[in-house]
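Following: one structure in structure tokens, then a few remarks.
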Amino acid sequence: MRIATWNVNSIAARLPRLLDWLDSTRPDAVCLQETKIPDDTFPRAEVEELGYEVAAHGDGRWNGVAVLSRVGLADVTRGLVAEPGFPHPEARAVGATCSGVRLWSVYVPNGREPGHEHYAYKLAWLAALRDTVSVESPESLPYAVCGDFNVAPTDDDVWDPAVFTAATHVTPPERNALAELRDLGLHDVVPRPLKYDRPFTYWDYRAGMFHRNLGMRIDLVYASKPLADAVADAYVDREARKGKGPSDHAPVVVDIDLP
DNA sequence: ATGCCTTATTTCATAAGA
């Protein structure tokens, strides 16, 4: 089974590239983030044409997540338990079970800057994610939380830690929130880079950051032990970041050999 | 070469991204 996660930065703007990528990569299930589209205008027919079912959760201009699956899509859950808002809950999480594997597609709030009320929102949202995962008792199931976590787990996951002093994505409270997810029995499936030494998944559009490989690893797959133990390969598809009109994130692809 | 920001909308400017 091949699963993937990709922040597409607008599914409308990315649709031709997404369809080409689905056709060539053929993931069984894909978690998408920043679809930026209401559910009633999601390009459902185009995706279904390639054999995928769609569980979308969108609310307009910002945010938006989805799970696409060509191996079944059941028990769709939109939003978290007691999900906090800014001020109202946003479309940042959707869960679905695909061929016996429970997947969550998440788009964690950015936080803007430490001390900002959006940063407090980010931490509250991560706590709600932890609580939501906890009630599903993931440790003994094939289970993964996939998405744009907007947190770099370690200093090696940013191109230059010195640039991130007093910045979000690297602070101890954010990293502690990831540790609390790991305490629930989830494991960070670290993909291999296809080039260079570190598996960055995001590069700013500006200043040739991609071409200088000044990136971050913030798109993560947090998998339960049964799923993590079955991982045969995992890689960042940086090819999808190249060329004209890419997302600023690359997909993470994980191949699993489940018994 | 991979090439120096992009998105949707409150559109010819703005907010947000990270």
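Letters for chains follow the order of the structure tokens (A, B, ...), residue numbers begin at 1 for each chain, and ligand numbers begin at 1 in the order shown.
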inquiry  = Just want the 9 Å neighbourhood of B:DG3, counted on only C-alpha atoms (C1' of nucleotides), with same-chain residues fewer than 5 positions away dropped. Output as a count of residues only.
reply    = 3
message = Using DSSP assignments from the backbone, pull out every residue in stretch 16-131 of chain A that falls under strand (DSSP E or B) and give it to me as a VMD selection string.
response = chain A and resid 29 to 33 53 to 57 65 to 69 74 to 78 93 to 98 101 to 107
request  = Select all residues from chain A having any atom no more than 6 Å from an atom of chain B (counting only C-alpha atoms (C1' of nucleotides), ignoring ligands), output as a ChimeraX atom specification.
outcome  = /A:61,205-208,211,242
Atoms kept (N, CA and C atoms) for selection, written as a compact mmCIF listing (two decimals), in the first residue's frame:
```
# COMPACT_ATOMS: atom_id res chain seq x y z
N ARG A 61 -11.64 30.21 1.44
CA ARG A 61 -10.39 30.78 0.97
C ARG A 61 -9.13 30.18 1.61
N TYR A 205 8.76 30.09 -1.60
CA TYR A 205 8.78 30.43 -3.03
C TYR A 205 9.86 31.47 -3.35
N ARG A 206 10.19 32.29 -2.36
CA ARG A 206 11.02 33.47 -2.64
C ARG A 206 12.52 33.14 -2.65
N ALA A 207 13.26 33.97 -3.35
CA ALA A 207 14.72 34.01 -3.25
C ALA A 207 15.40 32.70 -3.63
N GLY A 208 14.76 31.92 -4.48
CA GLY A 208 15.40 30.68 -4.94
C GLY A 208 15.67 29.69 -3.83
N HIS A 211 16.01 26.05 -4.87
CA HIS A 211 17.20 25.76 -5.68
C HIS A 211 18.47 25.83 -4.87
N LYS A 242 9.47 20.97 -8.50
CA LYS A 242 10.16 21.63 -9.62
C LYS A 242 9.19 22.21 -10.64
```
ask   = Any idea what the distance is between atom CA of A:Leu22 and atom CA of A:Val158?
value =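 Separating atom CA of A:Leu22 from atom CA of A:Val158 is a distance of 28.1 Å.
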message = Just want the 10 Å neighbourhood of A:Trp104, counted on only C-alpha atoms (C1' of nucleotides), with same-chain residues fewer than 3 positions away dropped. Output as a PyMOL selection string.
response = chain A and resi 5+30-32+65-67+76-79+93-97+101+107+129+133+143-147+221-222
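Atom to atom, atom CA of A:Phe86 and atom CA of A:Gly64 stand 14.6 Å apart.
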inquiry  = With only C-alpha atoms (C1' of nucleotides) as the counted atoms, please give the residues lying no more than 8 Å from stretch 227-236 of chain A, apart from itself and same-chain residues fewer than 4 positions off, as a list in words.
reply    =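 Here the answer would be Leu141, Pro142, Tyr143, Ala144, His187, Val189, Val190, Pro191, Arg192, Pro193, Leu194, Pro199, Phe200, Thr201, Ala223, Ala250, Pro251, Val252, Val253, Val254, Asp255, Ile256, Asp257 and Leu258 of chain A.
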